[in-house]
$ cat data_8.tsv   # TSV, C-alpha atoms
chain	number	residue	atom	x	y	z
L	980	MET	CA	7.70	146.86	48.01
L	981	ASN	CA	4.14	146.11	46.84
L	982	MET	CA	3.42	142.76	45.22
L	983	THR	CA	1.12	142.36	42.22
L	984	ALA	CA	-1.20	139.39	41.81
L	985	THR	CA	1.25	137.71	39.44
L	986	GLU	CA	4.47	138.54	41.32
L	987	PRO	CA	5.79	135.95	43.78
L	988	ASN	CA	6.35	136.68	47.47
L	989	ILE	CA	9.98	135.73	48.11
L	990	GLU	CA	9.34	134.61	51.69
L	991	GLU	CA	6.50	132.37	50.53
L	992	LEU	CA	8.79	130.90	47.86
L	993	HIS	CA	11.28	129.88	50.53
L	994	LEU	CA	8.49	128.08	52.36
L	995	GLN	CA	7.18	126.40	49.19
L	996	LEU	CA	10.62	125.13	48.23
L	997	GLY	CA	11.52	124.09	51.76
L	998	LEU	CA	14.90	125.83	51.54
L	999	LEU	CA	16.71	128.55	53.43
L	1000	GLN	CA	18.96	131.06	51.78
L	1001	MET	CA	22.15	129.64	53.28
L	1002	LEU	CA	21.70	125.97	52.31
L	1003	ASP	CA	24.35	124.55	50.00
L	1004	VAL	CA	21.93	124.32	47.09
L	1005	GLY	CA	21.43	126.79	44.27
L	1006	LEU	CA	18.04	128.49	44.10
L	1007	VAL	CA	16.86	130.63	41.19
L	1008	VAL	CA	13.34	131.91	40.47
L	1009	LEU	CA	12.32	133.02	36.98
L	1010	ASP	CA	9.13	134.50	35.59
L	1011	LYS	CA	7.64	133.61	32.20
L	1012	ASP	CA	9.90	136.16	30.51
L	1013	TYR	CA	12.95	134.52	32.10
L	1014	ASN	CA	13.59	137.47	34.39
L	1015	ILE	CA	15.40	136.63	37.63
L	1016	TYR	CA	13.41	137.11	40.86
L	1017	LEU	CA	15.66	135.17	43.20
L	1018	TRP	CA	19.35	134.34	43.13
L	1019	ASN	CA	20.43	132.84	46.43
L	1020	THR	CA	23.76	132.84	48.27
L	1021	PHE	CA	24.93	129.57	46.65
L	1022	MET	CA	24.43	131.10	43.21
L	1023	GLU	CA	26.13	134.33	44.27
L	1024	ASN	CA	29.16	132.48	45.62
L	1025	HIS	CA	29.65	130.29	42.55
L	1026	SER	CA	28.81	132.84	39.86
L	1027	GLY	CA	30.39	135.88	41.52
L	1028	ARG	CA	27.23	137.88	40.75
L	1029	LEU	CA	24.94	139.37	43.39
L	1030	HIS	CA	21.18	138.98	43.59
L	1031	SER	CA	20.82	142.76	43.77
L	1032	ARG	CA	22.58	143.12	40.40
L	1033	LEU	CA	20.49	140.41	38.71
L	1034	TYR	CA	17.03	141.10	40.12
L	1035	LYS	CA	14.43	141.34	37.33
L	1036	LYS	CA	17.10	141.03	34.63
L	1037	ASN	CA	16.79	138.48	31.82
L	1038	LEU	CA	18.60	135.21	32.58
L	1039	PHE	CA	19.85	134.65	29.03
L	1040	GLU	CA	21.10	138.21	28.65
L	1041	CYS	CA	23.04	137.87	31.89
L	1042	PHE	CA	24.33	134.37	31.08
L	1043	SER	CA	24.76	134.13	27.32
L	1044	GLU	CA	26.61	130.80	27.65
L	1045	LEU	CA	23.45	129.00	28.76
L	1046	PRO	CA	21.93	126.51	26.26
L	1047	ALA	CA	19.00	128.86	25.62
L	1048	THR	CA	16.95	126.87	23.11
L	1049	TRP	CA	17.21	123.62	25.04
L	1050	PHE	CA	16.57	125.24	28.43
L	1051	ARG	CA	13.58	127.24	27.21
L	1052	ARG	CA	11.91	123.98	26.14
L	1053	LYS	CA	12.47	122.56	29.61
L	1054	ILE	CA	11.04	125.65	31.32
L	1055	GLU	CA	8.05	125.91	28.99
L	1056	SER	CA	7.05	122.33	29.75
L	1057	VAL	CA	6.97	123.17	33.46
L	1058	PHE	CA	4.75	126.21	32.85
L	1059	THR	CA	2.45	124.24	30.55
L	1060	LEU	CA	2.16	120.96	32.46
L	1061	LYS	CA	2.54	122.49	35.95
L	1062	ASN	CA	4.69	119.51	36.91
L	1063	ARG	CA	8.23	119.25	38.20
L	1064	SER	CA	11.00	118.41	35.77
L	1065	PHE	CA	14.41	116.95	36.46
L	1066	ILE	CA	17.74	117.22	34.67
L	1067	THR	CA	20.55	114.87	35.70
L	1068	TRP	CA	24.23	115.36	35.10
L	1069	GLU	CA	24.18	112.27	32.84
L	1070	GLN	CA	21.81	114.14	30.50
L	1071	ARG	CA	23.82	117.37	30.66
L	1072	PRO	CA	26.87	117.70	32.93
L	1073	TYR	CA	25.87	121.17	34.12
L	1074	LEU	CA	23.44	124.02	33.57
L	1075	PHE	CA	25.59	126.84	34.91
L	1076	HIS	CA	29.30	126.53	34.17
L	1077	PHE	CA	30.68	126.82	37.69
L	1078	LYS	CA	34.11	125.77	38.90
L	1079	SER	CA	34.26	122.81	41.23
L	1080	TYR	CA	35.58	123.35	44.73
L	1081	ARG	CA	34.81	119.90	46.09
L	1082	PRO	CA	37.63	118.67	48.36
L	1083	ILE	CA	37.42	115.04	47.23
L	1084	THR	CA	37.30	115.67	43.51
L	1085	GLY	CA	39.36	118.83	43.17
L	1086	ASN	CA	40.49	117.79	39.70
L	1087	ALA	CA	36.96	117.94	38.27
L	1088	PRO	CA	36.80	120.16	35.15
L	1089	HIS	CA	33.61	121.84	36.43
L	1090	MET	CA	30.79	121.45	38.90
L	1091	TYR	CA	28.52	118.57	37.89
L	1092	GLN	CA	24.91	119.47	38.57
L	1093	ASN	CA	21.50	117.88	39.00
L	1094	VAL	CA	18.68	120.34	38.36
L	1095	THR	CA	15.05	120.37	39.52
L	1096	LEU	CA	12.51	122.71	37.92
L	1097	ILE	CA	9.49	123.46	40.12
L	1098	PRO	CA	6.28	125.28	39.11
L	1099	LEU	CA	5.48	128.09	41.61
L	1100	SER	CA	1.97	129.37	42.22
L	1101	SER	CA	1.37	133.12	42.45
L	1102	PRO	CA	-1.23	134.62	44.84
L	1103	ASP	CA	-3.85	134.36	42.07
L	1104	GLY	CA	-3.26	130.59	41.82
L	1105	LYS	CA	-1.58	130.71	38.42
L	1106	VAL	CA	1.88	129.37	37.68
L	1107	ASN	CA	3.79	132.41	36.51
L	1108	HIS	CA	7.16	131.52	37.99
L	1109	VAL	CA	9.50	128.56	38.04
L	1110	GLY	CA	11.99	127.66	40.74
L	1111	ILE	CA	15.32	126.16	39.72
L	1112	LEU	CA	17.25	124.07	42.23
L	1113	ILE	CA	20.91	123.44	41.47
L	1114	TYR	CA	22.54	120.53	43.32
L	1115	ASP	CA	26.33	120.06	43.32
L	1116	VAL	CA	26.82	116.35	42.56
L	1117	THR	CA	30.47	116.57	41.52
L	1118	ASP	CA	31.71	113.93	43.96
L	1119	ALA	CA	29.07	111.42	42.87
L	1120	ALA	CA	29.61	112.15	39.16
L	1121	MET	CA	33.38	111.88	39.37
L	1122	GLY	CA	33.05	108.67	41.37
L	1123	ARG	CA	30.78	107.25	38.68
L	1124	ARG	CA	33.18	108.33	35.94
L	1125	ALA	CA	36.12	106.78	37.78
L	1126	LEU	CA	34.20	103.53	38.22
L	1127	GLU	CA	33.22	103.47	34.54
L	1128	LYS	CA	36.84	104.10	33.55
L	1129	ALA	CA	38.07	101.33	35.84
L	1130	ASN	CA	35.46	98.93	34.50
L	1131	GLY	CA	36.45	99.85	30.95
L	1132	GLN	CA	40.10	99.16	31.75
L	1133	LEU	CA	39.21	95.82	33.34
L	1134	GLU	CA	37.13	94.88	30.31
L	1135	LYS	CA	40.02	95.78	28.02
L	1136	LEU	CA	42.44	93.74	30.13
L	1137	SER	CA	40.09	90.77	29.99
L	1138	ARG	CA	40.25	90.69	26.20
L	1139	THR	CA	43.77	91.96	25.52
L	1140	ASP	CA	47.12	90.19	25.42
L	1141	ALA	CA	49.44	92.01	27.83
L	1142	LEU	CA	52.61	91.73	25.72
L	1143	THR	CA	51.22	92.75	22.34
L	1144	GLY	CA	48.04	94.73	22.96
L	1145	LEU	CA	46.25	92.44	20.49
L	1146	PHE	CA	43.18	90.41	21.37
L	1147	ASN	CA	43.98	87.43	23.55
L	1148	ARG	CA	43.04	83.95	22.40
L	1149	GLY	CA	39.84	83.71	24.42
L	1150	PHE	CA	38.35	86.97	23.16
L	1151	TRP	CA	39.62	86.38	19.62
L	1152	GLU	CA	37.87	83.00	19.49
L	1153	SER	CA	34.62	84.59	20.71
L	1154	GLN	CA	34.86	87.02	17.78
L	1155	MET	CA	35.68	84.12	15.48
L	1156	LEU	CA	32.50	82.34	16.57
L	1157	HIS	CA	30.50	85.52	15.98
L	1158	GLU	CA	31.88	85.81	12.45
L	1159	PHE	CA	31.25	82.12	11.78
L	1160	ASN	CA	27.59	82.54	12.79
L	1161	ARG	CA	27.31	85.72	10.72
L	1162	PHE	CA	28.47	83.82	7.65
L	1163	ALA	CA	25.72	81.24	8.21
L	1164	ARG	CA	23.17	84.07	7.98
L	1165	THR	CA	24.68	86.32	5.30
L	1166	GLN	CA	27.11	84.13	3.29
L	1167	SER	CA	29.52	87.05	3.38
L	1168	PRO	CA	33.07	85.70	2.88
L	1169	SER	CA	35.84	85.92	5.45
L	1170	THR	CA	39.39	84.61	5.38
L	1171	LEU	CA	41.44	83.25	8.26
L	1172	ILE	CA	45.23	83.53	8.28
L	1173	MET	CA	47.37	81.82	10.89
L	1174	VAL	CA	50.83	83.40	11.22
L	1175	ASP	CA	53.92	81.94	12.90
L	1176	ILE	CA	57.43	83.35	13.38
L	1177	ASP	CA	60.01	81.09	11.76
L	1178	HIS	CA	62.74	79.65	14.03
L	1179	PHE	CA	61.48	81.62	17.02
L	1180	LYS	CA	63.12	79.22	19.49
L	1181	ARG	CA	66.45	79.97	17.83
L	1182	ILE	CA	65.84	83.70	18.39
L	1183	ASN	CA	65.16	83.11	22.09
L	1184	ASP	CA	68.16	80.81	22.47
L	1185	THR	CA	70.51	83.18	20.65
L	1186	TYR	CA	69.42	86.59	21.91
L	1187	GLY	CA	67.43	85.82	25.06
L	1188	HIS	CA	63.76	85.93	25.94
L	1189	PRO	CA	63.56	89.74	26.27
L	1190	ALA	CA	64.72	90.00	22.65
L	1191	GLY	CA	62.15	87.37	21.70
L	1192	ASP	CA	59.45	89.44	23.40
L	1193	GLU	CA	60.56	92.48	21.42
L	1194	VAL	CA	60.29	90.50	18.18
L	1195	ILE	CA	56.72	89.56	19.12
L	1196	ARG	CA	55.89	93.19	19.94
L	1197	GLN	CA	57.35	94.46	16.68
L	1198	LEU	CA	55.48	91.86	14.66
L	1199	SER	CA	52.27	92.77	16.47
L	1200	ALA	CA	52.76	96.39	15.42
L	1201	CYS	CA	53.22	95.25	11.82
L	1202	LEU	CA	50.02	93.20	12.01
L	1203	GLN	CA	48.06	96.16	13.32
L	1204	GLU	CA	49.50	98.40	10.63
L	1205	ALA	CA	48.77	95.95	7.82
L	1206	THR	CA	45.18	95.15	8.80
L	1207	ARG	CA	41.98	97.19	8.75
L	1208	ASN	CA	39.94	98.31	11.73
L	1209	THR	CA	37.29	95.76	10.79
L	1210	ASP	CA	39.78	92.86	10.83
L	1211	ILE	CA	40.11	90.77	14.00
L	1212	VAL	CA	43.73	90.29	15.03
L	1213	GLY	CA	44.81	88.18	17.99
L	1214	ARG	CA	47.75	86.48	19.59
L	1215	TYR	CA	46.83	82.82	19.35
L	1216	GLY	CA	49.66	81.55	21.53
L	1217	GLY	CA	53.41	81.96	21.89
L	1218	GLU	CA	54.72	83.19	18.55
L	1219	GLU	CA	51.54	82.31	16.65
L	1220	PHE	CA	48.98	84.91	15.57
L	1221	ALA	CA	45.53	84.72	14.01
L	1222	LEU	CA	44.09	87.21	11.52
L	1223	LEU	CA	40.42	87.11	10.61
L	1224	LEU	CA	39.80	89.28	7.56
L	1225	VAL	CA	36.11	90.15	7.51
L	1226	ASP	CA	34.25	90.43	4.18
L	1227	THR	CA	37.38	89.26	2.36
L	1228	LYS	CA	37.95	86.39	-0.05
L	1229	ALA	CA	41.23	84.46	0.03
L	1230	SER	CA	42.22	85.99	-3.31
L	1231	GLN	CA	41.76	89.46	-1.84
L	1232	ALA	CA	43.67	88.53	1.32
L	1233	ASN	CA	46.84	88.12	-0.75
L	1234	ILE	CA	47.12	91.90	-0.78
L	1235	LEU	CA	47.46	91.95	2.99
L	1236	VAL	CA	49.83	88.99	2.99
L	1237	ASN	CA	52.19	90.73	0.58
L	1238	ARG	CA	52.00	93.96	2.57
L	1239	LEU	CA	52.79	92.11	5.77
L	1240	ARG	CA	55.72	90.20	4.28
L	1241	ASP	CA	57.21	93.41	2.88
L	1242	ALA	CA	56.92	95.05	6.30
L	1243	VAL	CA	58.63	92.13	8.05
L	1244	ASP	CA	61.34	91.91	5.38
L	1245	SER	CA	62.27	95.52	6.04
L	1246	LEU	CA	62.23	95.06	9.82
L	1247	ALA	CA	65.56	94.91	11.64
L	1248	ILE	CA	65.30	94.88	15.43
L	1249	PRO	CA	68.45	96.24	17.11
L	1250	HIS	CA	70.01	94.06	19.80
L	1251	LEU	CA	73.35	95.10	21.26
L	1252	ASP	CA	75.65	95.31	18.21
L	1253	GLU	CA	73.42	93.16	16.02
L	1254	SER	CA	70.06	93.33	14.27
L	1255	ILE	CA	67.46	90.61	14.55
L	1256	THR	CA	65.61	89.69	11.40
L	1257	PHE	CA	63.02	86.99	10.90
L	1258	THR	CA	60.51	85.56	8.44
L	1259	LEU	CA	56.91	84.33	8.68
L	1260	SER	CA	55.08	81.18	7.71
L	1261	MET	CA	51.35	81.50	7.10
L	1262	GLY	CA	48.32	79.35	6.45
L	1263	MET	CA	45.23	80.82	4.79
L	1264	VAL	CA	41.69	79.42	4.51
L	1265	GLU	CA	38.51	81.07	3.30
L	1266	ILE	CA	35.32	80.21	5.15
L	1267	SER	CA	33.06	77.53	3.65
L	1268	ASN	CA	29.61	76.12	4.21
L	1269	LEU	CA	31.31	72.73	4.58
L	1270	PHE	CA	32.66	73.76	8.00
L	1271	GLN	CA	30.34	72.51	10.70
L	1272	THR	CA	32.14	74.42	13.46
L	1273	TYR	CA	34.52	77.34	13.59
L	1274	GLU	CA	37.11	75.01	15.16
L	1275	GLN	CA	37.26	73.09	11.86
L	1276	TRP	CA	38.09	76.35	10.13
L	1277	ILE	CA	40.95	76.99	12.56
L	1278	GLN	CA	42.22	73.40	12.22
L	1279	LEU	CA	42.44	73.67	8.43
L	1280	ALA	CA	44.28	77.01	8.69
L	1281	ASP	CA	46.71	75.39	11.14
L	1282	GLN	CA	47.20	72.55	8.67
L	1283	ALA	CA	48.01	75.09	5.95
L	1284	LEU	CA	50.49	76.77	8.31
L	1285	TYR	CA	52.10	73.40	9.03
L	1286	GLN	CA	52.54	72.79	5.30
L	1287	SER	CA	54.29	76.16	4.98
L	1288	LYS	CA	56.70	75.08	7.71
L	1289	GLN	CA	57.26	71.69	6.10
L	1290	ASN	CA	57.91	73.21	2.68
L	1291	GLY	CA	60.74	75.46	3.77
L	1292	ARG	CA	59.09	78.27	5.80
L	1293	ASN	CA	58.85	81.94	4.77
L	1294	ARG	CA	55.79	81.26	2.65
L	1295	VAL	CA	52.00	81.20	2.70
L	1296	THR	CA	49.92	78.09	1.97
L	1297	VAL	CA	46.28	78.39	0.92
L	1298	LEU	CA	43.92	75.49	1.55
L	1299	SER	CA	40.22	75.13	0.85
L	1300	MET	CA	37.62	72.88	2.42
L	1301	ASP	CA	36.19	72.36	-1.06
L	1302	GLU	CA	39.35	70.61	-2.27

$ encode --input "data_8.tsv" --output "structure tokens"
Amino acid sequence: MNMTATEPNIEELHLQLGLLQMLDVGLVVLDKDYNIYLWNTFMENHSGRLHSRLYKKNLFECFSELPATWFRRKIESVFTLKNRSFITWEQRPYLFHFKSYRPITGNAPHMYQNVTLIPLSSPDGKVNHVGILIYDVTDAAMGRRALEKANGQLEKLSRTDALTGLFNRGFWESQMLHEFNRFARTQSPSTLIMVDIDHFKRINDTYGHPAGDEVIRQLSACLQEATRNTDIVGRYGGEEFALLLVDTKASQANILVNRLRDAVDSLAIPHLDESITFTLSMGMVEISNLFQTYEQWIQLADQALYQSKQNGRNRVTVLSMDE
């Protein structure tokens, strides 16, 4: 077969790219019209399509699932700048949608790929062709994903209460401090509500600690249901919970309080042949410029909660630093 001045010599391309046909790396060569000049054994094995059937055929006509607009921009930059270009699996998981046959990560949804685009000089010295190297990086990608997932789970565990799934006290207080500092900048109101289960010790003594744990879990579900995604809900300790209602005045927070009390009033937790019911005492305080620290805000809300307990329980007490 005779070669024109603008047509690449396949043997020379192998030398330029430093690859042999049987290496476990994909190798594709395209001209400026995106016609296929080389499709190596790796590509044949993973695509199920032979080089002889693809030779000089348009890449996008043969593989309509390719991201044509995006990939054309990548290729054109290589032709124009005559520099290599790289595509990592983090940018795009794959170029060609191949199945993964990696022994370590056999559960991968597809082959993760890193791609290198290389300008190829023709005999006349012009860059009329681009080489595409496809590297199977499935094991590395899946390892990275597994590590990220594990780190995410560890991060969640570090800020979550194991029994309830709510924020634990440490993380909740860090969010409380953040909101306290935000108020200093924006003067946007927030309201803190401390919540305690009435006669919780009696529940534990009567029905046992597993039943007490179930009461805490059920209340936690009610708290999550009653609050908004923007609210910060945590288990403060034992049977005490803390609700920080962002961008909410104390007068507005009464809506949530009533919704929560209605939910708890209708709650009956089955235990053997009985049902466990309970009530809540609450203390509510809106943020104020008179608080010098967020701890003072919490202390006043705890004082309001204590007054609810002292005044017969099953009630909410509202206090203000301005009083």

$ residues_around --input "data_8.tsv" --residues "range 1154-1156 of chain L" --least-positions-apart "4" --cutoff "7 Å" --atoms "all atoms listed in the file" --output "CSV table (one decimal) with C-alpha atoms, keeping the file's coordinate frame"
chain,number,residue,atom,x,y,z
L,1150,PHE,CA,38.4,87.0,23.2
L,1160,ASN,CA,27.6,82.5,12.8
L,1273,TYR,CA,34.5,77.3,13.6

$ residues_around --input "data_8.tsv" --residues "range 1091-1097 of chain L" --least-positions-apart "6" --cutoff "6 Å" --atoms "only C-alpha atoms" --output "ChimeraX atom specification"
/L:1063-1068,1072-1073,1109-1117

$ closest_residue --input "data_8.tsv" --among "L:Thr1258, L:Ser1026, L:Gln1231, L:Thr1165" --to "Met1090 in chain L" --atoms "only C-alpha atoms"
L:Ser1026

$ axis_aligned_box --input "data_8.tsv" --around "range 1005-1023 of chain L" --padding-each-side "6 Å" --output "AutoDock Vina command-line options"
--center_x 16.9 --center_y 132.1 --center_z 39.4 --size_x 30.5 --size_y 22.7 --size_z 29.8

$ atom_distance --input "data_8.tsv" --atom1 "CA of Gln1197 in chain L" --atom2 "CA of Leu1298 in chain L"
27.7 Å

$ atom_distance --input "data_8.tsv" --atom1 "CA of Glu1265 in chain L" --atom2 "CA of Ala1200 in chain L"
24.2 Å

$ closest_atom_pairs --input "data_8.tsv" --of "range 1013-1041 of chain L" --to "range 1005-1008 of chain L" --cutoff "6 Å" --atoms "all atoms listed in the file" --output "JSON lines"
{"residue": "L:Ile1015", "atom": "CA", "partner": "L:Val1008", "partner_atom": "CA", "distance": 5.9}
{"residue": "L:Tyr1016", "atom": "CA", "partner": "L:Val1008", "partner_atom": "CA", "distance": 5.2}
{"residue": "L:Leu1017", "atom": "CA", "partner": "L:Val1008", "partner_atom": "CA", "distance": 4.8}
{"residue": "L:Trp1018", "atom": "CA", "partner": "L:Val1007", "partner_atom": "CA", "distance": 4.9}
{"residue": "L:Asn1019", "atom": "CA", "partner": "L:Leu1006", "partner_atom": "CA", "distance": 5.5}
{"residue": "L:Phe1021", "atom": "CA", "partner": "L:Gly1005", "partner_atom": "CA", "distance": 5.1}
{"residue": "L:Met1022", "atom": "CA", "partner": "L:Gly1005", "partner_atom": "CA", "distance": 5.4}

$ closest_residue --input "data_8.tsv" --among "L:Pro1088, L:Arg1032, L:Ala1163, L:Gly1144" --to "Gln1203 in chain L" --atoms "all atoms listed in the file"
L:Gly1144

$ residues_around --input "data_8.tsv" --residues "Gly1122 in chain L" --least-positions-apart "3" --cutoff "12 Å" --atoms "all atoms listed in the file" --output "ChimeraX atom specification"
/L:1083-1084,1086-1087,1091,1116-1119,1125-1129

$ atom_distance --input "data_8.tsv" --atom1 "CA of Ser1167 in chain L" --atom2 "CA of Glu1219 in chain L"
26.1 Å

$ closest_residue --input "data_8.tsv" --among "L:Thr1059, L:Ser1137, L:Thr1170, L:Gln1282" --to "Pro1098 in chain L" --atoms "only C-alpha atoms"
L:Thr1059

$ build_atoms --input "data_8.tsv" --residues "range 1005-1024 of chain L" --atoms "N, CA, C and O atoms" --output "JSON list (two decimals), keeping the file's coordinate frame"
[["chain", "number", "residue", "atom", "x", "y", "z"],
["L", 1005, "GLY", "N", 21.77, 125.60, 45.05],
["L", 1005, "GLY", "CA", 21.43, 126.79, 44.27],
["L", 1005, "GLY", "C", 19.93, 126.95, 44.14],
["L", 1005, "GLY", "O", 19.20, 125.98, 43.96],
["L", 1006, "LEU", "N", 19.46, 128.21, 44.24],
["L", 1006, "LEU", "CA", 18.04, 128.49, 44.10],
["L", 1006, "LEU", "C", 17.86, 129.73, 43.23],
["L", 1006, "LEU", "O", 18.39, 130.80, 43.53],
["L", 1007, "VAL", "N", 17.14, 129.54, 42.12],
["L", 1007, "VAL", "CA", 16.86, 130.63, 41.19],
["L", 1007, "VAL", "C", 15.36, 130.62, 40.92],
["L", 1007, "VAL", "O", 14.76, 129.55, 40.80],
["L", 1008, "VAL", "N", 14.75, 131.80, 40.85],
["L", 1008, "VAL", "CA", 13.34, 131.91, 40.47],
["L", 1008, "VAL", "C", 13.24, 132.80, 39.25],
["L", 1008, "VAL", "O", 13.81, 133.90, 39.21],
["L", 1009, "LEU", "N", 12.53, 132.29, 38.23],
["L", 1009, "LEU", "CA", 12.32, 133.02, 36.98],
["L", 1009, "LEU", "C", 10.84, 133.24, 36.74],
["L", 1009, "LEU", "O", 10.01, 132.40, 37.13],
["L", 1010, "ASP", "N", 10.50, 134.35, 36.05],
["L", 1010, "ASP", "CA", 9.13, 134.50, 35.59],
["L", 1010, "ASP", "C", 9.03, 133.99, 34.15],
["L", 1010, "ASP", "O", 10.00, 133.45, 33.61],
["L", 1011, "LYS", "N", 7.86, 134.17, 33.54],
["L", 1011, "LYS", "CA", 7.64, 133.61, 32.20],
["L", 1011, "LYS", "C", 8.50, 134.29, 31.13],
["L", 1011, "LYS", "O", 8.67, 133.74, 30.04],
["L", 1012, "ASP", "N", 9.01, 135.46, 31.45],
["L", 1012, "ASP", "CA", 9.90, 136.16, 30.51],
["L", 1012, "ASP", "C", 11.36, 135.88, 30.82],
["L", 1012, "ASP", "O", 12.24, 136.53, 30.26],
["L", 1013, "TYR", "N", 11.60, 134.94, 31.71],
["L", 1013, "TYR", "CA", 12.95, 134.52, 32.10],
["L", 1013, "TYR", "C", 13.71, 135.62, 32.84],
["L", 1013, "TYR", "O", 14.94, 135.66, 32.80],
["L", 1014, "ASN", "N", 12.97, 136.48, 33.52],
["L", 1014, "ASN", "CA", 13.59, 137.47, 34.39],
["L", 1014, "ASN", "C", 13.86, 136.85, 35.75],
["L", 1014, "ASN", "O", 13.07, 136.03, 36.25],
["L", 1015, "ILE", "N", 14.96, 137.23, 36.37],
["L", 1015, "ILE", "CA", 15.40, 136.63, 37.63],
["L", 1015, "ILE", "C", 14.74, 137.34, 38.81],
["L", 1015, "ILE", "O", 14.86, 138.57, 38.96],
["L", 1016, "TYR", "N", 14.04, 136.57, 39.67],
["L", 1016, "TYR", "CA", 13.41, 137.11, 40.86],
["L", 1016, "TYR", "C", 14.14, 136.69, 42.13],
["L", 1016, "TYR", "O", 13.98, 137.32, 43.16],
["L", 1017, "LEU", "N", 14.89, 135.62, 42.04],
["L", 1017, "LEU", "CA", 15.66, 135.17, 43.20],
["L", 1017, "LEU", "C", 16.95, 134.51, 42.74],
["L", 1017, "LEU", "O", 16.95, 133.71, 41.80],
["L", 1018, "TRP", "N", 18.01, 134.86, 43.44],
["L", 1018, "TRP", "CA", 19.35, 134.34, 43.13],
["L", 1018, "TRP", "C", 20.05, 134.19, 44.48],
["L", 1018, "TRP", "O", 20.54, 135.15, 45.04],
["L", 1019, "ASN", "N", 20.05, 132.97, 45.03],
["L", 1019, "ASN", "CA", 20.43, 132.84, 46.43],
["L", 1019, "ASN", "C", 21.95, 132.88, 46.63],
["L", 1019, "ASN", "O", 22.74, 133.04, 45.69],
["L", 1020, "THR", "N", 22.35, 132.70, 47.91],
["L", 1020, "THR", "CA", 23.76, 132.84, 48.27],
["L", 1020, "THR", "C", 24.65, 131.83, 47.54],
["L", 1020, "THR", "O", 25.76, 132.15, 47.11],
["L", 1021, "PHE", "N", 24.18, 130.59, 47.39],
["L", 1021, "PHE", "CA", 24.93, 129.57, 46.65],
["L", 1021, "PHE", "C", 25.24, 130.07, 45.25],
["L", 1021, "PHE", "O", 26.38, 129.96, 44.77],
["L", 1022, "MET", "N", 24.23, 130.63, 44.57],
["L", 1022, "MET", "CA", 24.43, 131.10, 43.21],
["L", 1022, "MET", "C", 25.35, 132.33, 43.19],
["L", 1022, "MET", "O", 26.18, 132.48, 42.27],
["L", 1023, "GLU", "N", 25.23, 133.18, 44.19],
["L", 1023, "GLU", "CA", 26.13, 134.33, 44.27],
["L", 1023, "GLU", "C", 27.58, 133.88, 44.43],
["L", 1023, "GLU", "O", 28.48, 134.38, 43.75],
["L", 1024, "ASN", "N", 27.80, 132.93, 45.33],
["L", 1024, "ASN", "CA", 29.16, 132.48, 45.62],
["L", 1024, "ASN", "C", 29.82, 131.82, 44.41],
["L", 1024, "ASN", "O", 31.02, 132.02, 44.15]]
